[in-house]
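**Student:** File name my_file_4.cif; file contents mmCIF, N, CA and C atoms; full text below.
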```cif
data_protein
#
loop_
_atom_site.label_atom_id
_atom_site.label_comp_id
_atom_site.auth_asym_id
_atom_site.auth_seq_id
_atom_site.Cartn_x
_atom_site.Cartn_y
_atom_site.Cartn_z
N MET A 1 71.06 90.78 130.94
CA MET A 1 71.42 89.48 130.41
C MET A 1 71.73 89.62 128.92
N THR A 2 72.79 88.96 128.49
CA THR A 2 73.15 88.91 127.07
C THR A 2 73.57 87.48 126.72
N TYR A 3 73.51 87.20 125.43
CA TYR A 3 73.97 85.90 124.93
C TYR A 3 75.27 86.10 124.16
N ARG A 4 76.10 85.09 124.18
CA ARG A 4 77.39 85.13 123.47
C ARG A 4 77.20 84.51 122.08
N VAL A 5 77.59 85.26 121.06
CA VAL A 5 77.58 84.75 119.69
C VAL A 5 79.03 84.71 119.23
N GLU A 6 79.52 83.51 118.97
CA GLU A 6 80.89 83.32 118.49
C GLU A 6 80.85 83.09 116.98
N PHE A 7 81.75 83.74 116.27
CA PHE A 7 81.81 83.64 114.81
C PHE A 7 83.08 82.92 114.40
N PHE A 8 82.91 81.94 113.51
CA PHE A 8 84.04 81.15 113.02
C PHE A 8 84.04 81.14 111.50
N ASP A 9 85.25 81.08 110.94
CA ASP A 9 85.38 80.93 109.49
C ASP A 9 85.09 79.47 109.15
N ALA A 10 84.89 79.17 107.87
CA ALA A 10 84.56 77.80 107.45
C ALA A 10 85.67 76.82 107.81
N ASP A 11 86.90 77.31 107.91
CA ASP A 11 88.02 76.43 108.26
C ASP A 11 88.19 76.28 109.77
N GLY A 12 87.28 76.87 110.54
CA GLY A 12 87.32 76.75 112.00
C GLY A 12 88.03 77.88 112.71
N ALA A 13 88.63 78.80 111.96
CA ALA A 13 89.35 79.93 112.58
C ALA A 13 88.35 80.85 113.29
N PHE A 14 88.68 81.21 114.51
CA PHE A 14 87.84 82.10 115.31
C PHE A 14 87.92 83.51 114.74
N LEU A 15 86.75 84.14 114.48
CA LEU A 15 86.71 85.48 113.91
C LEU A 15 86.33 86.55 114.92
N GLY A 16 85.65 86.14 115.97
CA GLY A 16 85.26 87.14 116.97
C GLY A 16 84.05 86.68 117.76
N GLU A 17 83.79 87.45 118.80
CA GLU A 17 82.66 87.17 119.69
C GLU A 17 81.90 88.46 119.92
N ARG A 18 80.59 88.35 120.00
CA ARG A 18 79.75 89.51 120.28
C ARG A 18 78.74 89.13 121.36
N ARG A 19 78.36 90.10 122.15
CA ARG A 19 77.32 89.92 123.16
C ARG A 19 76.04 90.55 122.63
N VAL A 20 74.94 89.82 122.71
CA VAL A 20 73.69 90.26 122.12
C VAL A 20 72.57 90.13 123.15
N PRO A 21 71.77 91.16 123.35
CA PRO A 21 70.61 91.05 124.23
C PRO A 21 69.60 90.04 123.67
N PRO A 22 68.81 89.39 124.51
CA PRO A 22 67.82 88.41 124.05
C PRO A 22 66.92 89.00 122.96
N GLY A 23 66.70 88.19 121.91
CA GLY A 23 65.81 88.58 120.83
C GLY A 23 66.39 89.55 119.83
N GLN A 24 67.64 89.95 120.02
CA GLN A 24 68.25 90.91 119.09
C GLN A 24 68.96 90.19 117.95
N ASN A 25 69.30 90.95 116.93
CA ASN A 25 69.97 90.46 115.74
C ASN A 25 71.47 90.68 115.88
N ALA A 26 72.27 89.62 115.70
CA ALA A 26 73.72 89.74 115.82
C ALA A 26 74.39 90.14 114.50
N LEU A 27 73.64 90.15 113.40
CA LEU A 27 74.26 90.44 112.09
C LEU A 27 74.95 91.80 112.02
N PRO A 28 74.37 92.87 112.54
CA PRO A 28 75.10 94.15 112.45
C PRO A 28 76.43 94.13 113.21
N LEU A 29 76.58 93.20 114.12
CA LEU A 29 77.80 93.12 114.93
C LEU A 29 78.79 92.09 114.39
N ALA A 30 78.38 91.31 113.39
CA ALA A 30 79.21 90.21 112.91
C ALA A 30 80.52 90.72 112.32
N PRO A 31 81.62 89.99 112.59
CA PRO A 31 82.90 90.36 111.97
C PRO A 31 82.86 90.06 110.48
N ALA A 32 83.73 90.69 109.74
CA ALA A 32 83.81 90.45 108.30
C ALA A 32 84.44 89.08 108.04
N PRO A 33 83.71 88.18 107.38
CA PRO A 33 84.31 86.88 107.06
C PRO A 33 85.36 87.04 105.96
N ARG A 34 86.20 86.02 105.78
CA ARG A 34 87.29 86.07 104.81
C ARG A 34 87.11 84.97 103.76
N PRO A 35 86.33 85.24 102.73
CA PRO A 35 86.09 84.20 101.73
C PRO A 35 87.37 83.78 101.03
N PRO A 36 87.52 82.47 100.77
CA PRO A 36 88.65 82.02 99.95
C PRO A 36 88.50 82.52 98.52
N LYS A 37 89.58 82.52 97.78
CA LYS A 37 89.55 82.97 96.39
C LYS A 37 88.50 82.19 95.60
N GLY A 38 87.70 82.93 94.85
CA GLY A 38 86.70 82.31 94.00
C GLY A 38 85.40 81.99 94.71
N ARG A 39 85.28 82.39 95.98
CA ARG A 39 84.06 82.14 96.73
C ARG A 39 83.58 83.45 97.32
N ARG A 40 82.31 83.49 97.68
CA ARG A 40 81.74 84.67 98.31
C ARG A 40 81.01 84.25 99.57
N PHE A 41 80.94 85.17 100.52
CA PHE A 41 80.21 84.89 101.74
C PHE A 41 78.73 84.80 101.41
N ASP A 42 78.05 83.78 101.96
CA ASP A 42 76.63 83.59 101.71
C ASP A 42 75.81 83.87 102.96
N HIS A 43 76.13 83.22 104.08
CA HIS A 43 75.37 83.43 105.31
C HIS A 43 76.10 82.79 106.49
N TRP A 44 75.60 83.06 107.65
CA TRP A 44 76.08 82.42 108.88
C TRP A 44 75.18 81.23 109.18
N GLU A 45 75.77 80.14 109.62
CA GLU A 45 75.02 78.95 109.98
C GLU A 45 75.35 78.56 111.41
N PRO A 46 74.41 78.54 112.31
CA PRO A 46 73.01 78.86 112.11
C PRO A 46 72.81 80.37 111.98
N GLN A 47 71.61 80.76 111.61
CA GLN A 47 71.28 82.18 111.51
C GLN A 47 71.47 82.85 112.86
N VAL A 48 71.84 84.10 112.85
CA VAL A 48 72.13 84.83 114.10
C VAL A 48 71.20 86.03 114.27
N SER A 49 69.97 85.87 113.83
CA SER A 49 68.97 86.90 114.09
C SER A 49 68.04 86.38 115.19
N TYR A 50 67.53 87.29 115.97
CA TYR A 50 66.65 86.93 117.09
C TYR A 50 67.30 85.90 118.01
N VAL A 51 68.44 86.26 118.54
CA VAL A 51 69.24 85.35 119.38
C VAL A 51 68.54 85.12 120.72
N HIS A 52 68.39 83.82 121.08
CA HIS A 52 67.76 83.44 122.35
C HIS A 52 68.61 82.43 123.11
N ALA A 53 69.89 82.29 122.70
CA ALA A 53 70.80 81.37 123.38
C ALA A 53 72.21 81.70 122.90
N ASN A 54 73.21 81.13 123.56
CA ASN A 54 74.58 81.25 123.07
C ASN A 54 74.66 80.53 121.73
N VAL A 55 75.41 81.11 120.80
CA VAL A 55 75.46 80.56 119.43
C VAL A 55 76.90 80.51 118.95
N ARG A 56 77.22 79.42 118.21
CA ARG A 56 78.49 79.29 117.49
C ARG A 56 78.14 79.33 116.00
N ALA A 57 78.39 80.46 115.36
CA ALA A 57 78.02 80.64 113.96
C ALA A 57 79.23 80.44 113.06
N VAL A 58 79.03 79.71 111.98
CA VAL A 58 80.10 79.41 111.02
C VAL A 58 79.76 80.05 109.68
N ALA A 59 80.76 80.69 109.07
CA ALA A 59 80.58 81.32 107.76
C ALA A 59 80.37 80.25 106.69
N VAL A 60 79.39 80.49 105.83
CA VAL A 60 79.12 79.59 104.71
C VAL A 60 79.42 80.36 103.43
N TYR A 61 80.24 79.76 102.57
CA TYR A 61 80.64 80.38 101.32
C TYR A 61 80.08 79.60 100.14
N THR A 62 79.82 80.29 99.04
CA THR A 62 79.40 79.66 97.80
C THR A 62 80.33 80.16 96.70
N PRO A 63 80.45 79.37 95.62
CA PRO A 63 81.33 79.80 94.52
C PRO A 63 80.81 81.09 93.89
N LYS A 64 81.74 81.96 93.54
CA LYS A 64 81.37 83.13 92.74
C LYS A 64 80.96 82.63 91.37
N GLU A 65 80.08 83.38 90.74
CA GLU A 65 79.69 83.08 89.37
C GLU A 65 79.96 84.30 88.52
N TYR A 66 80.39 84.05 87.29
CA TYR A 66 80.74 85.14 86.40
C TYR A 66 79.92 85.05 85.12
N LEU A 67 79.50 86.21 84.63
CA LEU A 67 78.76 86.24 83.37
C LEU A 67 79.75 86.10 82.22
N VAL A 68 79.50 85.12 81.38
CA VAL A 68 80.31 84.88 80.18
C VAL A 68 79.40 85.08 78.98
N THR A 69 79.88 85.87 78.03
CA THR A 69 79.09 86.20 76.84
C THR A 69 79.85 85.74 75.61
N PHE A 70 79.15 85.10 74.70
CA PHE A 70 79.73 84.70 73.41
C PHE A 70 79.12 85.58 72.33
N LEU A 71 79.99 86.17 71.51
CA LEU A 71 79.57 87.11 70.47
C LEU A 71 79.93 86.57 69.09
N SER A 72 79.10 86.89 68.10
CA SER A 72 79.42 86.54 66.72
C SER A 72 80.58 87.42 66.26
N GLU A 73 81.05 87.16 65.08
CA GLU A 73 82.14 87.97 64.52
C GLU A 73 81.69 89.40 64.27
N THR A 74 80.38 89.63 64.22
CA THR A 74 79.86 90.98 64.02
C THR A 74 79.46 91.65 65.33
N GLY A 75 79.60 90.93 66.44
CA GLY A 75 79.29 91.50 67.75
C GLY A 75 77.91 91.18 68.29
N ALA A 76 77.13 90.40 67.56
CA ALA A 76 75.81 90.01 68.05
C ALA A 76 75.95 88.97 69.17
N VAL A 77 75.12 89.10 70.20
CA VAL A 77 75.17 88.15 71.31
C VAL A 77 74.61 86.82 70.86
N LEU A 78 75.42 85.77 71.01
CA LEU A 78 74.99 84.42 70.66
C LEU A 78 74.52 83.65 71.89
N LYS A 79 75.17 83.92 73.01
CA LYS A 79 74.85 83.18 74.24
C LYS A 79 75.41 83.93 75.44
N ARG A 80 74.65 83.85 76.54
CA ARG A 80 75.14 84.35 77.84
C ARG A 80 74.93 83.22 78.84
N GLU A 81 75.90 83.05 79.72
CA GLU A 81 75.76 82.05 80.77
C GLU A 81 76.55 82.48 82.00
N TYR A 82 76.08 82.03 83.16
CA TYR A 82 76.83 82.25 84.40
C TYR A 82 77.64 81.00 84.68
N VAL A 83 78.93 81.20 84.92
CA VAL A 83 79.84 80.08 85.11
C VAL A 83 80.45 80.19 86.50
N PRO A 84 80.39 79.12 87.31
CA PRO A 84 81.03 79.15 88.63
C PRO A 84 82.55 79.31 88.49
N HIS A 85 83.14 79.97 89.46
CA HIS A 85 84.59 80.21 89.49
C HIS A 85 85.34 78.89 89.23
N GLY A 86 86.27 78.94 88.27
CA GLY A 86 87.13 77.80 87.97
C GLY A 86 86.53 76.77 87.04
N HIS A 87 85.28 76.94 86.64
CA HIS A 87 84.64 76.00 85.73
C HIS A 87 84.81 76.47 84.29
N ASP A 88 84.44 75.61 83.37
CA ASP A 88 84.57 75.93 81.95
C ASP A 88 83.26 76.50 81.40
N ALA A 89 83.38 77.47 80.50
CA ALA A 89 82.23 77.98 79.78
C ALA A 89 81.96 77.04 78.60
N VAL A 90 80.71 76.95 78.19
CA VAL A 90 80.34 76.08 77.08
C VAL A 90 79.96 76.95 75.89
N PRO A 91 80.82 77.01 74.87
CA PRO A 91 80.52 77.84 73.70
C PRO A 91 79.28 77.34 72.97
N PRO A 92 78.56 78.24 72.33
CA PRO A 92 77.41 77.81 71.55
C PRO A 92 77.85 77.13 70.26
N ARG A 93 76.94 76.36 69.68
CA ARG A 93 77.21 75.82 68.34
C ARG A 93 76.99 76.98 67.38
N TYR A 94 78.02 77.28 66.65
CA TYR A 94 77.93 78.43 65.75
C TYR A 94 78.84 78.18 64.57
N SER A 95 78.28 78.26 63.38
CA SER A 95 79.04 78.00 62.16
C SER A 95 78.43 78.81 61.03
N PRO A 96 78.77 80.12 60.96
CA PRO A 96 78.16 80.96 59.93
C PRO A 96 78.54 80.48 58.52
N GLY A 97 77.52 80.15 57.76
CA GLY A 97 77.77 79.67 56.39
C GLY A 97 78.56 78.38 56.35
N GLY A 98 78.55 77.62 57.42
CA GLY A 98 79.28 76.36 57.47
C GLY A 98 80.76 76.52 57.77
N SER A 99 81.20 77.76 58.01
CA SER A 99 82.62 78.00 58.31
C SER A 99 82.95 77.60 59.74
N PRO A 100 84.11 76.98 59.96
CA PRO A 100 84.50 76.66 61.33
C PRO A 100 84.81 77.94 62.13
N VAL A 101 84.56 77.87 63.43
CA VAL A 101 84.76 79.03 64.30
C VAL A 101 85.66 78.63 65.46
N ARG A 102 86.51 79.55 65.86
CA ARG A 102 87.23 79.40 67.13
C ARG A 102 86.92 80.65 67.93
N TRP A 103 87.22 80.63 69.23
CA TRP A 103 86.92 81.77 70.11
C TRP A 103 88.20 82.48 70.46
N ASN A 104 88.13 83.78 70.66
CA ASN A 104 89.32 84.61 70.85
C ASN A 104 89.88 84.55 72.29
N GLY A 105 89.74 83.45 72.94
CA GLY A 105 90.28 83.30 74.30
C GLY A 105 89.99 81.91 74.82
N ARG A 106 90.51 81.65 76.01
CA ARG A 106 90.32 80.34 76.65
C ARG A 106 88.98 80.31 77.38
N THR A 107 88.19 79.33 77.07
CA THR A 107 86.88 79.19 77.70
C THR A 107 86.94 78.26 78.91
N GLN A 108 88.13 77.84 79.30
CA GLN A 108 88.30 76.96 80.46
C GLN A 108 88.74 77.78 81.68
N ASN A 109 88.42 77.24 82.86
CA ASN A 109 88.88 77.82 84.14
C ASN A 109 88.53 79.31 84.25
N ILE A 110 87.26 79.62 84.11
CA ILE A 110 86.79 81.02 84.16
C ILE A 110 86.99 81.58 85.57
N GLN A 111 87.61 82.76 85.65
CA GLN A 111 87.87 83.39 86.95
C GLN A 111 87.46 84.85 87.01
N ARG A 112 86.72 85.31 86.00
CA ARG A 112 86.22 86.68 85.96
C ARG A 112 85.18 86.78 84.86
N PRO A 113 84.37 87.84 84.86
CA PRO A 113 83.42 88.01 83.75
C PRO A 113 84.21 88.17 82.44
N GLN A 114 83.72 87.54 81.39
CA GLN A 114 84.44 87.60 80.12
C GLN A 114 83.46 87.62 78.95
N ALA A 115 83.95 88.15 77.83
CA ALA A 115 83.23 88.09 76.57
C ALA A 115 84.17 87.47 75.55
N PHE A 116 83.67 86.50 74.80
CA PHE A 116 84.46 85.84 73.76
C PHE A 116 83.83 86.16 72.42
N SER A 117 84.69 86.50 71.45
CA SER A 117 84.21 86.79 70.10
C SER A 117 84.57 85.63 69.18
N ALA A 118 83.66 85.34 68.26
CA ALA A 118 83.92 84.30 67.27
C ALA A 118 84.96 84.78 66.27
N VAL A 119 85.86 83.90 65.94
CA VAL A 119 86.82 84.16 64.88
C VAL A 119 86.53 83.12 63.81
N VAL A 120 86.03 83.58 62.67
CA VAL A 120 85.64 82.67 61.60
C VAL A 120 86.88 82.25 60.82
N GLU A 121 87.05 80.93 60.69
CA GLU A 121 88.19 80.39 59.96
C GLU A 121 87.85 80.41 58.47
N GLU A 122 88.77 80.92 57.68
CA GLU A 122 88.56 80.95 56.23
C GLU A 122 88.67 79.54 55.69
N GLN A 123 87.70 79.17 54.85
CA GLN A 123 87.77 77.87 54.21
C GLN A 123 88.40 78.02 52.83
N ILE A 124 89.36 77.19 52.57
CA ILE A 124 90.03 77.23 51.26
C ILE A 124 89.45 76.11 50.42
N ALA A 125 88.90 76.49 49.27
CA ALA A 125 88.23 75.49 48.41
C ALA A 125 89.20 74.86 47.46
#
```
What is this file in structure tokens?

**Tutor:**
Amino acid sequence: MTYRVEFFDADGAFLGERRVPPGQNALPLAPAPRPPKGRRFDHWEPQVSYVHANVRAVAVYTPKEYLVTFLSETGAVLKREYVPHGHDAVPPRYSPGGSPVRWNGRTQNIQRPQAFSAVVEEQIA
């Protein structure tokens, strides 16, 4: 006797079927899910370990997160944060000697790990 475990992508696309003996784990047999851009596979819902009935498992994805680092003009770490794919990083408040600062890149729509360096604006008296 075996149970049928059907695997589906989050959009409902059929990914495959496996036969599993009672009480066995279907995870080693699971097909590779296809995460959308900016997301990663998290788990199957419902869980497919210790199978005791036919199961329809759906892939669950979560947003990828990227480490974003903000550095002073001298390279000292001012802030580190994890930013979900497509979200904006929040720069630290930083004003060495009261000078205005800008960052050497776009802190919006983060799609990979990044480091931003402070660029100190010269003040003209």

**Student:** Of the residues A:Glu17, A:Pro22, A:Ser117, A:Glu122, which is the one nearest to A:Gly75, using all atoms listed in the file?

**Tutor:**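 Checking each candidate against A:Gly75, we get A:Ser117 as the closest.
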
**Student:** Rank nothing, just name the residue among A:Ala26, A:Ala115, A:Leu71, A:Ala59 nearest to A:Phe7, using all atoms listed in the file.

**Tutor:**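 The closest residue to A:Phe7 is A:Ala59.
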
**Student:** Could you check how far atom CA of A:Val77 sits from atom CA of A:Gln108, in Å to one decimal?

**Tutor:**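 Straight-line distance from atom CA of A:Val77 to atom CA of A:Gln108 works out to 19.5 Å.
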
**Student:** If we count only C-alpha atoms and set the cut-off at 6 Å, which residues sit around stretch 80-83 of chain A, ignoring sequence neighbours fewer than 6 positions away in its own chain? Please answer as a compact mmCIF listing (two decimals) with N, CA and C atoms, in the coordinates of the input.

**Tutor:**
```txt
# COMPACT_ATOMS: atom_id res chain seq x y z
N GLU A 65 80.08 83.38 90.74
CA GLU A 65 79.69 83.08 89.37
C GLU A 65 79.96 84.30 88.52
N TYR A 66 80.39 84.05 87.29
CA TYR A 66 80.74 85.14 86.40
C TYR A 66 79.92 85.05 85.12
N LEU A 67 79.50 86.21 84.63
CA LEU A 67 78.76 86.24 83.37
C LEU A 67 79.75 86.10 82.22
N VAL A 68 79.50 85.12 81.38
CA VAL A 68 80.31 84.88 80.18
C VAL A 68 79.40 85.08 78.98
N THR A 69 79.88 85.87 78.03
CA THR A 69 79.09 86.20 76.84
C THR A 69 79.85 85.74 75.61
```

**Student:** Would you compute the box with edges along x, y and z of the file around stretch 17-28 of chain A, including every atom the file lists for it and 3 Å extra on each side, and give its centre and edge lengths in Å to one decimal, as AutoDock Vina command-line options?

**Tutor:**
```
--center_x 74.8 --center_y 90.7 --center_z 118.3 --size_x 24.0 --size_y 13.0 --size_z 18.5
```

**Student:** Excluding same-chain residues fewer than 5 positions from A:Ile110, what lies within 6 Å of it counting only C-alpha atoms, as number ranges by chain?

**Tutor:** A: 85-88

**Student:** Take the residues that were just selected and, keeping N, CA and C atoms, output them as a PDB file, keeping the file's coordinate frame.

**Tutor:**
```pdb
ATOM      1  N   HIS A  85      83.140  79.970  89.460  1.00  0.00           N
ATOM      2  CA  HIS A  85      84.590  80.210  89.490  1.00  0.00           C
ATOM      3  C   HIS A  85      85.340  78.890  89.230  1.00  0.00           C
ATOM      4  N   GLY A  86      86.270  78.940  88.270  1.00  0.00           N
ATOM      5  CA  GLY A  86      87.130  77.800  87.970  1.00  0.00           C
ATOM      6  C   GLY A  86      86.530  76.770  87.040  1.00  0.00           C
ATOM      7  N   HIS A  87      85.280  76.940  86.640  1.00  0.00           N
ATOM      8  CA  HIS A  87      84.640  76.000  85.730  1.00  0.00           C
ATOM      9  C   HIS A  87      84.810  76.470  84.290  1.00  0.00           C
ATOM     10  N   ASP A  88      84.440  75.610  83.370  1.00  0.00           N
ATOM     11  CA  ASP A  88      84.570  75.930  81.950  1.00  0.00           C
ATOM     12  C   ASP A  88      83.260  76.500  81.400  1.00  0.00           C
TER      13      ASP A  88
END
```

**Student:** Identify all residues of stretch 2-122 of chain A in strand (DSSP E or B) (DSSP on the backbone) and supply them as a PyMOL selection string.

**Tutor:** chain A and resi 3-8+14-20+39-45+55-63+65-71+77-84+101-103+114-120

**Student:** If you count all atoms listed in the file, which residues fall within 7 Å of A:Phe8, apart from same-chain ones fewer than 4 positions away, as number ranges by chain?

**Tutor:** A: 12-16, 56-59

**Student:** Please expand the PyMOL selection byres ((chain A and resi 19) around 8) into the concrete residues it hits in this file, giving the result as an MDAnalysis selection string.

**Tutor:** chainID A and resid 1:6 16:18 20:22 26 29

**Student:** Could you jot down the atom CA of A:Asp9 to atom N of A:Gln114 separation for me, Å, one decimal place?

**Tutor:**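 Computed distance, atom CA of A:Asp9 to atom N of A:Gln114, equals 28.9 Å.
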
**Student:** Reconstruct stretch 28-46 of chain A at the level of N, CA, C and O atoms, and format the result as a short mmCIF file (atom, residue, chain, number, x, y, z; two decimals), keeping the file's coordinate frame.

**Tutor:**
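After the write, part35.cif holds the following:
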```cif
data_model
loop_
_atom_site.label_atom_id
_atom_site.label_comp_id
_atom_site.auth_asym_id
_atom_site.auth_seq_id
_atom_site.Cartn_x
_atom_site.Cartn_y
_atom_site.Cartn_z
N PRO A 28 74.37 92.87 112.54
CA PRO A 28 75.10 94.15 112.45
C PRO A 28 76.43 94.13 113.21
O PRO A 28 77.30 94.95 112.95
N LEU A 29 76.58 93.20 114.12
CA LEU A 29 77.80 93.12 114.93
C LEU A 29 78.79 92.09 114.39
O LEU A 29 79.90 91.98 114.90
N ALA A 30 78.38 91.31 113.39
CA ALA A 30 79.21 90.21 112.91
C ALA A 30 80.52 90.72 112.32
O ALA A 30 80.54 91.73 111.63
N PRO A 31 81.62 89.99 112.59
CA PRO A 31 82.90 90.36 111.97
C PRO A 31 82.86 90.06 110.48
O PRO A 31 82.03 89.26 110.02
N ALA A 32 83.73 90.69 109.74
CA ALA A 32 83.81 90.45 108.30
C ALA A 32 84.44 89.08 108.04
O ALA A 32 85.57 88.84 108.47
N PRO A 33 83.71 88.18 107.38
CA PRO A 33 84.31 86.88 107.06
C PRO A 33 85.36 87.04 105.96
O PRO A 33 85.41 88.06 105.27
N ARG A 34 86.20 86.02 105.78
CA ARG A 34 87.29 86.07 104.81
C ARG A 34 87.11 84.97 103.76
O ARG A 34 87.67 83.87 103.92
N PRO A 35 86.33 85.24 102.73
CA PRO A 35 86.09 84.20 101.73
C PRO A 35 87.37 83.78 101.03
O PRO A 35 88.22 84.62 100.72
N PRO A 36 87.52 82.47 100.77
CA PRO A 36 88.65 82.02 99.95
C PRO A 36 88.50 82.52 98.52
O PRO A 36 87.39 82.88 98.10
N LYS A 37 89.58 82.52 97.78
CA LYS A 37 89.55 82.97 96.39
C LYS A 37 88.50 82.19 95.60
O LYS A 37 88.41 80.98 95.70
N GLY A 38 87.70 82.93 94.85
CA GLY A 38 86.70 82.31 94.00
C GLY A 38 85.40 81.99 94.71
O GLY A 38 84.51 81.39 94.13
N ARG A 39 85.28 82.39 95.98
CA ARG A 39 84.06 82.14 96.73
C ARG A 39 83.58 83.45 97.32
O ARG A 39 84.33 84.39 97.43
N ARG A 40 82.31 83.49 97.68
CA ARG A 40 81.74 84.67 98.31
C ARG A 40 81.01 84.25 99.57
O ARG A 40 80.53 83.13 99.67
N PHE A 41 80.94 85.17 100.52
CA PHE A 41 80.21 84.89 101.74
C PHE A 41 78.73 84.80 101.41
O PHE A 41 78.20 85.62 100.69
N ASP A 42 78.05 83.78 101.96
CA ASP A 42 76.63 83.59 101.71
C ASP A 42 75.81 83.87 102.96
O ASP A 42 74.89 84.67 102.91
N HIS A 43 76.13 83.22 104.08
CA HIS A 43 75.37 83.43 105.31
C HIS A 43 76.10 82.79 106.49
O HIS A 43 77.10 82.11 106.32
N TRP A 44 75.60 83.06 107.65
CA TRP A 44 76.08 82.42 108.88
C TRP A 44 75.18 81.23 109.18
O TRP A 44 73.96 81.30 109.01
N GLU A 45 75.77 80.14 109.62
CA GLU A 45 75.02 78.95 109.98
C GLU A 45 75.35 78.56 111.41
O GLU A 45 76.52 78.33 111.70
N PRO A 46 74.41 78.54 112.31
CA PRO A 46 73.01 78.86 112.11
C PRO A 46 72.81 80.37 111.98
O PRO A 46 73.73 81.15 112.24
#
```
